[in-house]
$ cat model_35.cif   # mmCIF, C-alpha atoms
data_structure
#
loop_
_atom_site.group_PDB
_atom_site.id
_atom_site.type_symbol
_atom_site.label_atom_id
_atom_site.label_comp_id
_atom_site.auth_asym_id
_atom_site.auth_seq_id
_atom_site.Cartn_x
_atom_site.Cartn_y
_atom_site.Cartn_z
ATOM 1 C CA MET A 111 21.956 -8.671 2.793
ATOM 2 C CA SER A 112 25.375 -8.037 4.285
ATOM 3 C CA LYS A 113 26.177 -5.603 1.466
ATOM 4 C CA LEU A 114 23.015 -3.634 2.290
ATOM 5 C CA LYS A 115 23.756 -3.683 6.009
ATOM 6 C CA PHE A 116 26.935 -1.686 5.450
ATOM 7 C CA ALA A 117 25.475 0.530 2.698
ATOM 8 C CA GLY A 118 24.288 3.125 5.187
ATOM 9 C CA LYS A 119 20.858 4.718 5.101
ATOM 10 C CA LEU A 120 18.532 3.042 2.594
ATOM 11 C CA SER A 121 15.603 4.284 0.551
ATOM 12 C CA ILE A 122 13.300 1.376 -0.166
ATOM 13 C CA SER A 123 9.975 0.901 -1.950
ATOM 14 C CA GLY A 124 7.297 -1.705 -1.338
ATOM 15 C CA ASP A 125 4.189 -2.960 -3.073
ATOM 16 C CA ALA A 126 1.814 -5.910 -2.970
ATOM 17 C CA GLN A 127 0.496 -8.202 -5.661
ATOM 18 C CA TYR A 128 -2.460 -10.531 -5.282
ATOM 19 C CA ASP A 129 -3.276 -13.853 -6.919
ATOM 20 C CA SER A 130 -6.616 -12.484 -8.148
ATOM 21 C CA PRO A 131 -8.274 -9.055 -8.420
ATOM 22 C CA GLY A 132 -10.912 -7.759 -6.031
ATOM 23 C CA PHE A 133 -11.720 -8.955 -2.542
ATOM 24 C CA SER A 134 -11.414 -12.681 -3.288
ATOM 25 C CA ALA A 135 -7.607 -12.848 -3.168
ATOM 26 C CA LYS A 136 -6.185 -15.732 -1.178
ATOM 27 C CA MET A 137 -2.471 -14.986 -1.557
ATOM 28 C CA CYS A 138 -0.496 -11.752 -1.239
ATOM 29 C CA THR A 139 3.102 -11.253 -2.334
ATOM 30 C CA TYR A 140 4.802 -8.193 -0.869
ATOM 31 C CA THR A 141 8.055 -7.091 -2.490
ATOM 32 C CA ILE A 142 10.569 -4.536 -1.259
ATOM 33 C CA MET A 143 13.247 -3.083 -3.501
ATOM 34 C CA ASN A 144 16.165 -0.703 -3.097
ATOM 35 C CA SER A 145 14.960 2.571 -4.656
ATOM 36 C CA GLU A 146 18.479 3.633 -5.597
ATOM 37 C CA THR A 147 19.595 0.460 -7.386
ATOM 38 C CA ASN A 148 16.181 -0.953 -8.421
ATOM 39 C CA GLU A 149 17.230 -4.323 -7.002
ATOM 40 C CA ILE A 150 14.756 -6.541 -5.176
ATOM 41 C CA ILE A 151 15.832 -6.818 -1.539
ATOM 42 C CA ASP A 152 13.285 -9.383 -0.371
ATOM 43 C CA PHE A 153 9.708 -10.588 -0.733
ATOM 44 C CA ILE A 154 7.187 -12.497 1.333
ATOM 45 C CA VAL A 155 4.074 -14.499 0.421
ATOM 46 C CA ILE A 156 1.225 -14.796 2.907
ATOM 47 C CA GLN A 157 -2.107 -16.560 2.671
ATOM 48 C CA LYS A 158 -5.535 -15.347 3.744
ATOM 49 C CA GLY A 159 -6.375 -16.862 7.118
ATOM 50 C CA GLN A 160 -2.734 -16.938 8.214
ATOM 51 C CA TYR A 161 -3.115 -13.511 9.834
ATOM 52 C CA GLU A 162 -5.984 -11.307 10.983
ATOM 53 C CA GLY A 163 -6.692 -8.125 9.046
ATOM 54 C CA GLU A 164 -5.498 -6.827 5.703
ATOM 55 C CA LEU A 165 -3.075 -9.022 3.783
ATOM 56 C CA GLU A 166 -1.035 -6.135 2.346
ATOM 57 C CA LYS A 167 -0.491 -4.494 5.725
ATOM 58 C CA GLN A 168 0.438 -7.785 7.400
ATOM 59 C CA ALA A 169 2.879 -8.778 4.664
ATOM 60 C CA CYS A 170 4.493 -5.340 4.673
ATOM 61 C CA GLN A 171 4.892 -5.330 8.451
ATOM 62 C CA LEU A 172 6.392 -8.836 8.526
ATOM 63 C CA LEU A 173 8.899 -8.026 5.807
ATOM 64 C CA LEU A 174 9.928 -4.716 7.390
ATOM 65 C CA GLU A 175 10.422 -6.431 10.755
ATOM 66 C CA ILE A 176 12.675 -9.005 9.106
ATOM 67 C CA LEU A 177 14.722 -6.371 7.274
ATOM 68 C CA ILE A 178 14.985 -3.790 10.068
ATOM 69 C CA ARG A 179 15.020 -5.903 13.221
ATOM 70 C CA GLU A 180 16.571 -9.202 12.123
ATOM 71 C CA HIS A 181 18.935 -8.034 9.350
ATOM 72 C CA GLU A 182 19.468 -4.649 11.041
ATOM 73 C CA LEU A 183 19.159 -2.605 7.827
ATOM 74 C CA ASP A 184 19.217 1.173 8.304
ATOM 75 C CA VAL A 185 16.033 2.175 6.468
ATOM 76 C CA GLU A 186 15.629 5.940 6.217
ATOM 77 C CA ILE A 187 12.797 6.231 3.653
ATOM 78 C CA PHE A 188 10.032 3.773 2.766
ATOM 79 C CA VAL A 189 7.886 4.553 -0.302
ATOM 80 C CA THR A 190 4.532 2.818 -0.811
ATOM 81 C CA ASP A 191 1.162 3.264 -2.436
ATOM 82 C CA ARG A 192 -1.516 5.117 -0.474
ATOM 83 C CA HIS A 193 -2.693 2.124 1.579
ATOM 84 C CA THR A 194 -4.156 3.561 4.797
ATOM 85 C CA GLY A 195 -3.350 0.478 6.859
ATOM 86 C CA ILE A 196 0.319 0.707 5.953
ATOM 87 C CA GLY A 197 0.392 4.402 6.847
ATOM 88 C CA ALA A 198 -0.985 3.699 10.327
ATOM 89 C CA MET A 199 1.322 0.708 10.788
ATOM 90 C CA MET A 200 4.358 2.821 9.858
ATOM 91 C CA ARG A 201 3.429 5.525 12.377
ATOM 92 C CA GLU A 202 2.925 2.968 15.154
ATOM 93 C CA ASN A 203 5.672 0.395 14.546
ATOM 94 C CA PHE A 204 8.372 2.229 12.574
ATOM 95 C CA PRO A 205 8.239 5.908 13.614
ATOM 96 C CA ALA A 206 11.941 6.454 12.816
ATOM 97 C CA VAL A 207 11.379 5.584 9.133
ATOM 98 C CA TYR A 208 10.082 8.372 6.893
ATOM 99 C CA HIS A 209 7.029 7.033 5.028
ATOM 100 C CA ALA A 210 6.266 8.577 1.632
ATOM 101 C CA PHE A 211 3.757 7.917 -1.159
ATOM 102 C CA ASP A 212 4.915 7.205 -4.696
ATOM 103 C CA VAL A 213 4.233 9.818 -7.366
ATOM 104 C CA TRP A 214 2.233 7.527 -9.660
ATOM 105 C CA HIS A 215 -0.387 6.797 -7.004
ATOM 106 C CA MET A 216 -0.550 10.481 -6.028
ATOM 107 C CA ALA A 217 -1.127 11.468 -9.675
ATOM 108 C CA LYS A 218 -3.772 8.770 -10.087
ATOM 109 C CA SER A 219 -5.619 10.033 -6.996
ATOM 110 C CA LEU A 220 -5.471 13.637 -8.192
ATOM 111 C CA GLN A 221 -6.698 12.591 -11.635
ATOM 112 C CA LYS A 222 -9.756 10.898 -10.070
ATOM 113 C CA LYS A 223 -10.547 14.037 -8.071
ATOM 114 C CA LEU A 224 -10.098 16.335 -11.076
ATOM 115 C CA THR A 225 -12.264 14.082 -13.244
ATOM 116 C CA ALA A 226 -15.036 14.074 -10.617
ATOM 117 C CA CYS A 227 -14.833 17.859 -10.334
ATOM 118 C CA ASP A 228 -14.936 18.233 -14.123
ATOM 119 C CA LYS A 229 -18.096 16.098 -14.288
ATOM 120 C CA LYS A 230 -19.803 18.250 -11.645
ATOM 121 C CA THR A 231 -18.927 21.527 -13.313
ATOM 122 C CA PRO A 232 -18.509 21.038 -17.073
ATOM 123 C CA LYS A 233 -16.665 23.729 -18.989
ATOM 124 C CA SER A 234 -14.777 24.652 -15.843
ATOM 125 C CA TRP A 235 -11.099 25.455 -15.646
ATOM 126 C CA ILE A 236 -10.235 21.753 -15.814
ATOM 127 C CA VAL A 237 -9.556 20.989 -19.450
ATOM 128 C CA ASP A 238 -7.646 17.717 -19.684
ATOM 129 C CA THR A 239 -7.291 15.593 -16.561
ATOM 130 C CA ASP A 240 -5.009 13.082 -18.334
ATOM 131 C CA ALA A 241 -2.606 15.876 -19.187
ATOM 132 C CA CYS A 242 -2.698 17.139 -15.584
ATOM 133 C CA ALA A 243 -1.825 13.683 -14.250
ATOM 134 C CA ALA A 244 0.905 13.286 -16.881
ATOM 135 C CA LEU A 245 2.407 16.608 -15.809
ATOM 136 C CA LEU A 246 2.502 15.452 -12.196
ATOM 137 C CA VAL A 247 4.344 12.276 -13.139
ATOM 138 C CA VAL A 248 6.931 14.216 -15.177
ATOM 139 C CA VAL A 249 7.529 16.764 -12.396
#

$ encode --input "model_35.cif" --output "structure tokens"
Amino acid sequence: MSKLKFAGKLSISGDAQYDSPGFSAKMCTYTIMNSETNEIIDFIVIQKGQYEGELEKQACQLLLEILIREHELDVEIFVTDRHTGIGAMMRENFPAVYHAFDVWHMAKSLQKKLTACDKKTPKSWIVDTDACAALLVVV
């Protein structure tokens, strides 16, 4: 941690993993890594019932508070998936940190929208939604 404290402005990424798929998850592990070195900075495990609300948002907020407020890391950019709760939490609790969405989740969202559009209007200008999403990931 002390090495990161003196590293200057950090770009970090965060994501959650659950013990089971769907809405029946009881445990959430939230991991944050340094986007420049690909090293895990820290992680936290929380259990359903420990906190009110969404597990991913709660775990993310707790871990960011530990890193930014307790360890005094200078976080400039935080990259996550498109979780709406995390977006709102970032705007309210960490307005000085630039919050961005990762490219893979953006491409996946666009692919869903293009696929839905292609089903509504067959033979339209959308030819291959997989190729479109792949292009987004490469760019």

$ residues_around --input "model_35.cif" --residues "range 164-166 of chain A" --least-positions-apart "3" --cutoff "12 Å" --atoms "all atoms listed in the file" --output "PyMOL selection string"
chain A and resi 124-129+133-141+154-161+169-173+190-197+199

$ write_last_selection --input "model_35.cif" --atoms "C-alpha atoms" --output "PDB file, in the coordinates of the input"
ATOM      1  CA  GLY A 124       7.297  -1.705  -1.338  1.00  0.00           C
ATOM      2  CA  ASP A 125       4.189  -2.960  -3.073  1.00  0.00           C
ATOM      3  CA  ALA A 126       1.814  -5.910  -2.970  1.00  0.00           C
ATOM      4  CA  GLN A 127       0.496  -8.202  -5.661  1.00  0.00           C
ATOM      5  CA  TYR A 128      -2.460 -10.531  -5.282  1.00  0.00           C
ATOM      6  CA  ASP A 129      -3.276 -13.853  -6.919  1.00  0.00           C
ATOM      7  CA  PHE A 133     -11.720  -8.955  -2.542  1.00  0.00           C
ATOM      8  CA  SER A 134     -11.414 -12.681  -3.288  1.00  0.00           C
ATOM      9  CA  ALA A 135      -7.607 -12.848  -3.168  1.00  0.00           C
ATOM     10  CA  LYS A 136      -6.185 -15.732  -1.178  1.00  0.00           C
ATOM     11  CA  MET A 137      -2.471 -14.986  -1.557  1.00  0.00           C
ATOM     12  CA  CYS A 138      -0.496 -11.752  -1.239  1.00  0.00           C
ATOM     13  CA  THR A 139       3.102 -11.253  -2.334  1.00  0.00           C
ATOM     14  CA  TYR A 140       4.802  -8.193  -0.869  1.00  0.00           C
ATOM     15  CA  THR A 141       8.055  -7.091  -2.490  1.00  0.00           C
ATOM     16  CA  ILE A 154       7.187 -12.497   1.333  1.00  0.00           C
ATOM     17  CA  VAL A 155       4.074 -14.499   0.421  1.00  0.00           C
ATOM     18  CA  ILE A 156       1.225 -14.796   2.907  1.00  0.00           C
ATOM     19  CA  GLN A 157      -2.107 -16.560   2.671  1.00  0.00           C
ATOM     20  CA  LYS A 158      -5.535 -15.347   3.744  1.00  0.00           C
ATOM     21  CA  GLY A 159      -6.375 -16.862   7.118  1.00  0.00           C
ATOM     22  CA  GLN A 160      -2.734 -16.938   8.214  1.00  0.00           C
ATOM     23  CA  TYR A 161      -3.115 -13.511   9.834  1.00  0.00           C
ATOM     24  CA  ALA A 169       2.879  -8.778   4.664  1.00  0.00           C
ATOM     25  CA  CYS A 170       4.493  -5.340   4.673  1.00  0.00           C
ATOM     26  CA  GLN A 171       4.892  -5.330   8.451  1.00  0.00           C
ATOM     27  CA  LEU A 172       6.392  -8.836   8.526  1.00  0.00           C
ATOM     28  CA  LEU A 173       8.899  -8.026   5.807  1.00  0.00           C
ATOM     29  CA  THR A 190       4.532   2.818  -0.811  1.00  0.00           C
ATOM     30  CA  ASP A 191       1.162   3.264  -2.436  1.00  0.00           C
ATOM     31  CA  ARG A 192      -1.516   5.117  -0.474  1.00  0.00           C
ATOM     32  CA  HIS A 193      -2.693   2.124   1.579  1.00  0.00           C
ATOM     33  CA  THR A 194      -4.156   3.561   4.797  1.00  0.00           C
ATOM     34  CA  GLY A 195      -3.350   0.478   6.859  1.00  0.00           C
ATOM     35  CA  ILE A 196       0.319   0.707   5.953  1.00  0.00           C
ATOM     36  CA  GLY A 197       0.392   4.402   6.847  1.00  0.00           C
ATOM     37  CA  MET A 199       1.322   0.708  10.788  1.00  0.00           C
TER      38      MET A 199
END

$ atom_distance --input "model_35.cif" --atom1 "CA of Lys113 in chain A" --atom2 "CA of Arg201 in chain A"
27.6 Å

$ resolve_selection --input "model_35.cif" --expression "the PyMOL selection byres ((chain A and resi 118) around 10)" --output "count of residues only"
12

$ atom_distance --input "model_35.cif" --atom1 "CA of Ile122 in chain A" --atom2 "CA of Ser219 in chain A"
21.9 Å

$ atom_distance --input "model_35.cif" --atom1 "CA of Glu182 in chain A" --atom2 "CA of His215 in chain A"
29.2 Å
